[in-house]
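Asks: So that you have it, the file is model.pdb, and it contains PDB, C-alpha atoms:
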```pdb
ATOM      1  CA  MET U 252     -37.764  -2.555  22.303
ATOM      2  CA  THR U 253     -39.727   0.308  20.796
ATOM      3  CA  ILE U 254     -38.343   3.330  19.033
ATOM      4  CA  LEU U 255     -39.916   6.387  20.606
ATOM      5  CA  SER U 256     -38.288   9.371  18.956
ATOM      6  CA  ALA U 257     -36.217  10.592  16.055
ATOM      7  CA  ASP U 258     -32.929   9.809  17.775
ATOM      8  CA  PHE U 259     -33.931   6.161  18.194
ATOM      9  CA  ALA U 260     -33.956   6.436  21.991
ATOM     10  CA  ILE U 261     -35.536   3.376  23.584
ATOM     11  CA  ASP U 262     -37.984   3.446  26.484
ATOM     12  CA  SER U 263     -35.772   4.033  29.536
ATOM     13  CA  SER U 264     -37.942   1.765  31.660
ATOM     14  CA  ALA U 265     -37.024  -1.233  29.482
ATOM     15  CA  GLY U 266     -33.911  -2.926  30.797
ATOM     16  CA  ASP U 267     -32.548   0.140  32.589
ATOM     17  CA  GLU U 268     -31.142  -2.115  35.280
ATOM     18  CA  GLU U 269     -28.675  -3.377  32.704
ATOM     19  CA  PHE U 270     -26.997   0.041  32.735
ATOM     20  CA  ALA U 271     -26.948   0.599  36.488
ATOM     21  CA  ALA U 272     -23.652   0.797  38.360
ATOM     22  CA  ASP U 273     -21.451  -2.080  37.264
ATOM     23  CA  ALA U 274     -21.392  -4.201  40.382
ATOM     24  CA  ALA U 275     -19.322  -6.831  38.598
ATOM     25  CA  GLY U 276     -16.911  -4.272  37.148
ATOM     26  CA  VAL U 277     -16.466  -3.308  33.511
ATOM     27  CA  HIS U 278     -14.738  -4.729  30.490
ATOM     28  CA  PRO U 279     -11.057  -3.648  30.371
ATOM     29  CA  VAL U 280     -11.791  -1.477  27.329
ATOM     30  CA  PHE U 281     -13.669   0.852  29.727
ATOM     31  CA  ALA U 282     -11.113   0.713  32.540
ATOM     32  CA  HIS U 283     -10.031   4.326  31.988
ATOM     33  CA  ALA U 284     -13.275   5.686  30.525
ATOM     34  CA  PRO U 285     -14.785   8.864  31.989
ATOM     35  CA  ARG U 286     -17.259   8.405  34.836
ATOM     36  CA  SER U 287     -19.226  11.551  34.010
ATOM     37  CA  VAL U 288     -22.992  11.681  33.597
ATOM     38  CA  GLY U 289     -22.581  12.958  30.042
ATOM     39  CA  PHE U 290     -20.363  10.077  28.997
ATOM     40  CA  ASN U 291     -22.661   7.516  30.613
ATOM     41  CA  LYS U 292     -25.619   8.932  28.677
ATOM     42  CA  LEU U 293     -23.645   8.759  25.430
ATOM     43  CA  ARG U 294     -22.563   5.188  26.152
ATOM     44  CA  LYS U 295     -26.133   4.168  26.976
ATOM     45  CA  ARG U 296     -27.446   5.714  23.774
ATOM     46  CA  LEU U 297     -24.917   3.900  21.598
ATOM     47  CA  ILE U 298     -25.540   0.600  23.368
ATOM     48  CA  ARG U 299     -29.277   0.927  22.921
ATOM     49  CA  GLN U 300     -29.006   1.899  19.274
ATOM     50  CA  VAL U 301     -26.782  -1.101  18.582
ATOM     51  CA  ARG U 302     -29.200  -3.412  20.412
ATOM     52  CA  GLN U 303     -32.063  -1.909  18.397
ATOM     53  CA  ALA U 304     -30.268  -2.578  15.103
ATOM     54  CA  ILE U 305     -29.373  -6.122  16.160
ATOM     55  CA  THR U 306     -33.039  -6.746  17.005
ATOM     56  CA  ASP U 307     -34.586  -4.985  13.986
ATOM     57  CA  PHE U 308     -32.430  -6.863  11.483
ATOM     58  CA  ASP U 309     -32.248 -10.168  13.387
ATOM     59  CA  MET U 310     -28.467 -10.077  13.380
ATOM     60  CA  MET U 311     -28.111 -12.790  16.014
ATOM     61  CA  LYS U 312     -29.908 -15.476  14.003
ATOM     62  CA  GLY U 313     -27.634 -18.516  13.772
ATOM     63  CA  GLN U 314     -24.582 -16.502  14.788
ATOM     64  CA  LYS U 315     -21.789 -17.830  17.012
ATOM     65  CA  ARG U 316     -18.592 -16.017  16.016
ATOM     66  CA  TRP U 317     -18.071 -12.553  14.512
ATOM     67  CA  LEU U 318     -15.038 -11.054  12.797
ATOM     68  CA  VAL U 319     -15.010  -7.349  13.704
ATOM     69  CA  GLY U 320     -13.188  -5.227  11.134
ATOM     70  CA  LEU U 321     -10.914  -2.766  12.927
ATOM     71  CA  SER U 322      -9.390  -0.062  10.740
ATOM     72  CA  GLY U 323      -7.973   2.078  13.517
ATOM     73  CA  GLY U 324     -10.565   4.803  12.939
ATOM     74  CA  LYS U 325     -13.065   6.174  15.430
ATOM     75  CA  ASP U 326     -16.038   4.190  14.091
ATOM     76  CA  SER U 327     -14.518   0.713  14.212
ATOM     77  CA  TYR U 328     -13.020   1.374  17.653
ATOM     78  CA  GLY U 329     -16.441   2.479  18.875
ATOM     79  CA  LEU U 330     -18.118  -0.570  17.347
ATOM     80  CA  LEU U 331     -15.692  -2.945  19.042
ATOM     81  CA  ALA U 332     -16.079  -1.227  22.424
ATOM     82  CA  ILE U 333     -19.881  -1.355  22.306
ATOM     83  CA  LEU U 334     -19.912  -5.011  21.228
ATOM     84  CA  LEU U 335     -17.480  -5.874  24.030
ATOM     85  CA  ASP U 336     -19.734  -4.011  26.476
ATOM     86  CA  LEU U 337     -22.781  -5.982  25.339
ATOM     87  CA  GLN U 338     -20.839  -9.242  25.464
ATOM     88  CA  TRP U 339     -19.589  -8.396  28.986
ATOM     89  CA  ARG U 340     -23.175  -7.854  30.127
ATOM     90  CA  GLY U 341     -24.295 -11.179  28.655
ATOM     91  CA  LEU U 342     -26.393  -9.464  25.990
ATOM     92  CA  LEU U 343     -24.316 -10.601  22.990
ATOM     93  CA  PRO U 344     -23.718 -14.373  23.138
ATOM     94  CA  VAL U 345     -21.226 -14.521  20.262
ATOM     95  CA  GLU U 346     -17.453 -14.823  20.215
ATOM     96  CA  LEU U 347     -15.650 -11.743  18.881
ATOM     97  CA  VAL U 348     -12.420 -11.715  16.894
ATOM     98  CA  ALA U 349     -10.999  -8.309  15.976
ATOM     99  CA  CYS U 350      -9.145  -8.087  12.682
ATOM    100  CA  ASN U 351      -7.060  -5.323  11.177
ATOM    101  CA  LEU U 352      -6.001  -5.525   7.551
ATOM    102  CA  ASP U 353      -2.577  -3.922   7.245
ATOM    103  CA  GLN U 354      -2.757  -2.676   3.646
ATOM    104  CA  GLY U 355       0.867  -1.695   3.330
ATOM    105  CA  GLN U 356       0.345   2.046   3.638
ATOM    106  CA  PRO U 357       3.582   4.015   4.122
ATOM    107  CA  ASN U 358       4.383   4.878   7.744
ATOM    108  CA  PHE U 359       1.556   2.691   9.050
ATOM    109  CA  PRO U 360       2.200   2.255  12.815
ATOM    110  CA  LYS U 361       2.075  -1.548  12.933
ATOM    111  CA  HIS U 362       2.395  -1.776  16.710
ATOM    112  CA  VAL U 363      -0.596   0.387  17.663
ATOM    113  CA  LEU U 364      -3.495  -1.998  17.102
ATOM    114  CA  PRO U 365      -1.927  -5.235  18.346
ATOM    115  CA  ASP U 366      -0.634  -3.448  21.456
ATOM    116  CA  TYR U 367      -4.026  -1.911  22.141
ATOM    117  CA  LEU U 368      -5.980  -5.130  21.573
ATOM    118  CA  ALA U 369      -3.582  -7.119  23.753
ATOM    119  CA  SER U 370      -3.922  -4.521  26.526
ATOM    120  CA  ILE U 371      -7.700  -5.042  26.688
ATOM    121  CA  GLY U 372      -7.534  -8.810  26.268
ATOM    122  CA  VAL U 373      -9.295  -9.047  22.899
ATOM    123  CA  LYS U 374      -8.611 -11.956  20.573
ATOM    124  CA  HIS U 375      -7.323 -10.524  17.321
ATOM    125  CA  ARG U 376      -5.615 -11.130  14.024
ATOM    126  CA  ILE U 377      -3.448  -8.689  12.100
ATOM    127  CA  GLU U 378      -3.464  -9.596   8.409
ATOM    128  CA  TYR U 379      -0.913  -8.089   6.020
ATOM    129  CA  ARG U 380      -1.870  -7.599   2.362
ATOM    130  CA  ASP U 381      -0.260  -4.852   0.275
ATOM    131  CA  THR U 382      -3.438  -3.581  -1.364
ATOM    132  CA  TYR U 383      -2.015  -0.044  -1.158
ATOM    133  CA  SER U 384       0.421  -0.735  -4.010
ATOM    134  CA  VAL U 385      -2.302  -2.437  -6.049
ATOM    135  CA  VAL U 386      -4.627   0.564  -5.729
ATOM    136  CA  LYS U 387      -1.880   3.070  -6.550
ATOM    137  CA  GLU U 388      -0.900   1.007  -9.614
ATOM    138  CA  LYS U 389      -4.384   0.370 -10.978
ATOM    139  CA  MET U 390      -6.000   3.776 -10.448
ATOM    140  CA  PRO U 391      -5.085   6.718 -12.712
ATOM    141  CA  VAL U 392      -3.660   9.893 -11.206
ATOM    142  CA  GLY U 393      -6.427  12.047  -9.772
ATOM    143  CA  ALA U 394      -8.961   9.204  -9.498
ATOM    144  CA  THR U 395     -10.538   8.346  -6.173
ATOM    145  CA  TYR U 396      -9.234   5.200  -4.566
ATOM    146  CA  CYS U 397     -12.146   4.348  -2.284
ATOM    147  CA  SER U 398     -14.096   1.887  -4.447
ATOM    148  CA  LEU U 399     -11.163  -0.343  -5.417
ATOM    149  CA  CYS U 400      -9.593  -0.109  -1.974
ATOM    150  CA  SER U 401     -12.898  -1.101  -0.390
ATOM    151  CA  ARG U 402     -13.378  -4.112  -2.680
ATOM    152  CA  LEU U 403      -9.870  -5.398  -2.018
ATOM    153  CA  ARG U 404     -10.226  -4.889   1.720
ATOM    154  CA  ARG U 405     -13.657  -6.541   1.836
ATOM    155  CA  GLY U 406     -12.455  -9.584  -0.117
ATOM    156  CA  ASN U 407      -9.552 -10.107   2.258
ATOM    157  CA  LEU U 408     -11.749  -9.693   5.328
ATOM    158  CA  TYR U 409     -14.204 -12.283   3.991
ATOM    159  CA  ARG U 410     -11.290 -14.670   3.502
ATOM    160  CA  VAL U 411     -10.052 -14.092   7.044
ATOM    161  CA  ALA U 412     -13.583 -14.574   8.399
ATOM    162  CA  ARG U 413     -13.736 -17.993   6.754
ATOM    163  CA  GLU U 414     -10.293 -18.939   8.021
ATOM    164  CA  GLU U 415     -11.279 -17.914  11.551
ATOM    165  CA  GLY U 416     -14.513 -19.912  11.418
ATOM    166  CA  CYS U 417     -16.701 -16.821  11.705
ATOM    167  CA  ASP U 418     -20.347 -16.549  10.668
ATOM    168  CA  ALA U 419     -20.248 -12.824   9.891
ATOM    169  CA  LEU U 420     -18.041  -9.873   9.080
ATOM    170  CA  VAL U 421     -19.053  -6.904  11.245
ATOM    171  CA  LEU U 422     -18.240  -3.362  10.085
ATOM    172  CA  GLY U 423     -18.459   0.080  11.687
ATOM    173  CA  HIS U 424     -20.590   1.950   9.158
ATOM    174  CA  HIS U 425     -22.976   4.397  10.842
ATOM    175  CA  ARG U 426     -26.000   6.560  10.071
ATOM    176  CA  GLU U 427     -24.084   9.128   8.020
ATOM    177  CA  ASP U 428     -22.341   6.443   5.964
ATOM    178  CA  ILE U 429     -25.721   5.009   5.035
ATOM    179  CA  LEU U 430     -27.243   8.374   4.136
ATOM    180  CA  GLU U 431     -24.183   9.500   2.173
ATOM    181  CA  THR U 432     -24.246   6.259   0.183
ATOM    182  CA  PHE U 433     -27.943   6.717  -0.539
ATOM    183  CA  PHE U 434     -27.436  10.211  -1.935
ATOM    184  CA  MET U 435     -24.343   9.195  -3.918
ATOM    185  CA  ASN U 436     -26.423   6.500  -5.609
ATOM    186  CA  PHE U 437     -29.350   8.927  -5.970
ATOM    187  CA  PHE U 438     -27.357  11.758  -7.568
ATOM    188  CA  HIS U 439     -24.656   9.848  -9.424
ATOM    189  CA  GLY U 440     -25.927   6.289  -9.877
ATOM    190  CA  GLY U 441     -29.559   6.931 -10.781
ATOM    191  CA  ARG U 442     -30.883   4.396  -8.287
ATOM    192  CA  LEU U 443     -32.415   4.210  -4.817
ATOM    193  CA  SER U 444     -29.905   2.170  -2.846
ATOM    194  CA  ALA U 445     -27.977   2.560   0.395
ATOM    195  CA  MET U 446     -25.952   0.380   2.772
ATOM    196  CA  PRO U 447     -28.024  -2.465   4.258
ATOM    197  CA  ALA U 448     -27.626  -3.196   7.956
ATOM    198  CA  LYS U 449     -27.539  -6.915   7.131
ATOM    199  CA  LEU U 450     -26.329  -8.448   3.879
ATOM    200  CA  LEU U 451     -25.633 -11.970   2.650
ATOM    201  CA  ASN U 452     -22.368 -12.031   0.687
ATOM    202  CA  ASP U 453     -22.272 -13.141  -2.956
ATOM    203  CA  ASP U 454     -21.013 -16.611  -2.065
ATOM    204  CA  GLY U 455     -23.871 -17.083   0.377
ATOM    205  CA  ASP U 456     -21.659 -18.284   3.234
ATOM    206  CA  LEU U 457     -21.182 -15.137   5.335
ATOM    207  CA  MET U 458     -23.300 -12.297   6.661
ATOM    208  CA  LEU U 459     -22.121  -8.698   6.608
ATOM    209  CA  LEU U 460     -23.505  -6.809   9.605
ATOM    210  CA  ARG U 461     -23.582  -3.097  10.452
ATOM    211  CA  PRO U 462     -24.743  -2.765  14.078
ATOM    212  CA  LEU U 463     -24.005   0.998  14.115
ATOM    213  CA  ALA U 464     -26.675   1.651  11.460
ATOM    214  CA  TYR U 465     -28.682   3.879  13.848
ATOM    215  CA  ALA U 466     -25.673   5.575  15.472
ATOM    216  CA  ALA U 467     -24.748   9.178  14.643
ATOM    217  CA  GLU U 468     -21.209   9.964  13.521
ATOM    218  CA  ASP U 469     -21.001  12.900  15.939
ATOM    219  CA  ASP U 470     -21.807  10.570  18.841
ATOM    220  CA  LEU U 471     -19.112   8.138  17.717
ATOM    221  CA  ALA U 472     -16.598  10.988  17.435
ATOM    222  CA  ARG U 473     -17.382  12.173  20.983
ATOM    223  CA  PHE U 474     -17.229   8.588  22.241
ATOM    224  CA  ALA U 475     -13.822   8.001  20.614
ATOM    225  CA  ALA U 476     -12.425  11.244  22.026
ATOM    226  CA  ALA U 477     -13.641  10.406  25.533
ATOM    227  CA  MET U 478     -12.250   6.869  25.311
ATOM    228  CA  GLU U 479      -8.930   8.184  23.930
ATOM    229  CA  PHE U 480      -8.697   5.477  21.293
ATOM    230  CA  PRO U 481      -5.310   5.403  19.495
ATOM    231  CA  ILE U 482      -6.676   6.637  16.150
ATOM    232  CA  ILE U 483      -4.718   5.762  12.997
ATOM    233  CA  PRO U 484      -5.433   8.085  10.029
ATOM    234  CA  CYS U 485      -5.813   6.681   6.520
ATOM    235  CA  ASP U 486      -3.008   7.849   4.224
ATOM    236  CA  LEU U 487      -4.723   6.584   1.087
ATOM    237  CA  CYS U 488      -8.299   7.835   0.636
ATOM    238  CA  GLY U 489      -7.865  10.206   3.572
ATOM    239  CA  SER U 490      -5.276  12.122   1.558
ATOM    240  CA  GLN U 491      -7.613  12.930  -1.328
ATOM    241  CA  ASP U 492      -9.764  16.043  -1.545
ATOM    242  CA  GLY U 493     -13.027  16.620  -3.346
ATOM    243  CA  LEU U 494     -14.476  13.124  -3.036
ATOM    244  CA  GLN U 495     -18.145  12.728  -3.889
ATOM    245  CA  ARG U 496     -18.747  11.362  -0.393
ATOM    246  CA  ASN U 497     -17.312  14.553   1.108
ATOM    247  CA  ALA U 498     -19.792  16.555  -0.942
ATOM    248  CA  MET U 499     -22.667  14.417   0.345
ATOM    249  CA  LYS U 500     -21.409  14.819   3.914
ATOM    250  CA  GLU U 501     -21.329  18.600   3.549
ATOM    251  CA  MET U 502     -24.804  18.638   1.987
ATOM    252  CA  LEU U 503     -26.292  16.558   4.813
ATOM    253  CA  ALA U 504     -24.559  18.668   7.441
ATOM    254  CA  GLY U 505     -26.025  21.797   5.870
ATOM    255  CA  ILE U 506     -29.530  20.341   5.827
ATOM    256  CA  GLU U 507     -29.219  19.214   9.450
ATOM    257  CA  ALA U 508     -27.982  22.652  10.521
ATOM    258  CA  LYS U 509     -30.980  24.365   8.906
ATOM    259  CA  MET U 510     -33.538  21.710   9.856
ATOM    260  CA  PRO U 511     -32.408  19.712  12.914
ATOM    261  CA  GLY U 512     -33.619  16.126  12.983
ATOM    262  CA  ARG U 513     -33.664  15.672   9.208
ATOM    263  CA  LYS U 514     -30.944  12.994   9.239
ATOM    264  CA  ASP U 515     -33.026  10.781  11.497
ATOM    265  CA  ALA U 516     -36.103  11.471   9.353
ATOM    266  CA  MET U 517     -34.157  10.414   6.245
ATOM    267  CA  LEU U 518     -32.961   7.251   7.954
ATOM    268  CA  ARG U 519     -36.513   6.375   8.988
ATOM    269  CA  ALA U 520     -37.630   6.945   5.400
ATOM    270  CA  LEU U 521     -35.202   4.260   4.223
ATOM    271  CA  GLY U 522     -37.100   1.825   6.429
ATOM    272  CA  HIS U 523     -40.559   2.863   5.196
ATOM    273  CA  VAL U 524     -40.654   2.274   1.442
ATOM    274  CA  ASP U 525     -43.944   2.624  -0.432
ATOM    275  CA  ALA U 526     -43.229   0.771  -3.684
ATOM    276  CA  SER U 527     -46.550   1.751  -5.258
ATOM    277  CA  HIS U 528     -45.564   5.424  -5.057
ATOM    278  CA  LEU U 529     -42.267   5.061  -6.858
ATOM    279  CA  LEU U 530     -41.560   4.433 -10.562
ATOM    280  CA  ASP U 531     -40.122   0.919 -10.668
ATOM    281  CA  PRO U 532     -42.433  -1.570 -12.466
ATOM    282  CA  LYS U 533     -40.105  -4.386 -11.377
ATOM    283  CA  LEU U 534     -40.776  -3.527  -7.754
ATOM    284  CA  PHE U 535     -44.521  -2.985  -8.020
ATOM    285  CA  ASP U 536     -46.964  -4.559 -10.496
ATOM    286  CA  PHE U 537     -48.600  -1.444 -11.941
ATOM    287  CA  SER U 538     -50.176  -3.471 -14.756
ATOM    288  CA  SER U 539     -52.384  -5.254 -12.226
ATOM    289  CA  LEU U 540     -54.081  -2.034 -11.141
ATOM    290  CA  MET U 541     -57.667  -2.033 -12.386
ATOM    291  CA  THR U 542     -60.678   0.181 -11.750
ATOM    292  CA  LYS U 543     -63.832  -1.337 -10.267
ATOM    293  CA  ASP U 544     -65.703  -1.053 -13.577
ATOM    294  CA  VAL U 545     -63.265  -3.207 -15.531
TER     295      VAL U 545
END
```
Write out the structure in this file as structure tokens.

Replies:
Amino acid sequence: MTILSADFAIDSSAGDEEFAADAAGVHPVFAHAPRSVGFNKLRKRLIRQVRQAITDFDMMKGQKRWLVGLSGGKDSYGLLAILLDLQWRGLLPVELVACNLDQGQPNFPKHVLPDYLASIGVKHRIEYRDTYSVVKEKMPVGATYCSLCSRLRRGNLYRVAREEGCDALVLGHHREDILETFFMNFFHGGRLSAMPAKLLNDDGDLMLLRPLAYAAEDDLARFAAAMEFPIIPCDLCGSQDGLQRNAMKEMLAGIEAKMPGRKDAMLRALGHVDASHLLDPKLFDFSSLMTKDV
């Protein structure tokens, strides 16, 4: 596949037959999906962007079984639906296991995810770990919970992936998540770093994959609304105002509004690094540069 434009659209002549009318039916997750032209275009775009990411970062290498993290938010629902669509079409030859980590948040509707996953015939595991109380206890009043909450959640998901015999943990981070992380590190961490689409964990036994790396958050929001996913809000980090990530989101939205297409340009820039034009002597051997006369 070849990326042709800023929105990562792939040549429509390549594999278009795969998205023709579903003669063999559709996966149950799409049983009540809209049949409009607009929705079909959105679905095609997300499928193609996910396939592009899987190809670009060689996500299928040695993979047989994926644990798909399902938080109950729009992004993870969208990720699962697209992966199920690809699997249904024979384009994703891996076994999928959906997993929700019930973190003990007050008023968490425990029945929603298992009922939904059972209704569409998806193998799943609901894991209970009260990380909510740990975060509330460890973090001072007024501090942001996201970093500690994320570490605790990630550690538990890695454990579940091992117990389920999975090769990778698959998460629903998208284009905006990657760009926001880059600018948070840029402004507050003093380093050029973002979210990789493919990462080997510290123990070296599991991959972390982000197939939605090229997908736009707005597209995922429209997709979730059209699919009528049973969204579960986060009562922990979602209840806090003034997070640094929110500031980055607002900044990027403002830039995109004034200069449309800049988000895609920024994402492309993360994939085209010229080490010799930066300032890191550990990344590029500046001492080896010599003039012809020397």

Asks: Please list as a list in words every residue within 9 Å of Pro447 (chain U), counting all atoms listed in the file and excluding residues in the same chain fewer than 2 positions away.

Replies: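 Residues meeting the cut-off are Ile429, Ser444, Ala445, Lys449, Leu450, Leu459, Leu460, Arg461 and Ala464 of chain U.
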
Asks: Which residue out of U:Leu463, U:Leu430, U:Ala477, U:Met310 has the minimum interatomic distance to Met502 (chain U) when only C-alpha atoms are used?

Replies: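 Ranking U:Leu463, U:Leu430, U:Ala477, U:Met310 by distance to Met502 (chain U), first place goes to U:Leu430.
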
Asks: Quick one: which region 364-467 of chain U residues come within 8 Å of region 275-298 of chain U, and what is the nearest atom pair for each with the distance in Å to one decimal, counting only C-alpha atoms, rows ordered by chain and ascending number, as a tab-separated table?

Replies:
```
residue	atom	partner	partner_atom	distance
U:Ile371	CA	U:Pro279	CA	5.2
U:Gly372	CA	U:Pro279	CA	7.5
U:Ala466	CA	U:Leu297	CA	6.4
```

Asks: When the PyMOL selection byres ((chain U and resi 351-353) around 10) is applied to the structure above, which residues does it catch, written out as a VMD selection string?

Replies: chain U and resid 318 to 323 349 to 350 354 to 356 359 to 361 364 to 365 375 to 383 404 to 405 407 to 408 411

Asks: Interatomic distance between CA of Leu420 (chain U) and CA of Asn497 (chain U)?

Replies: 25.7 Å
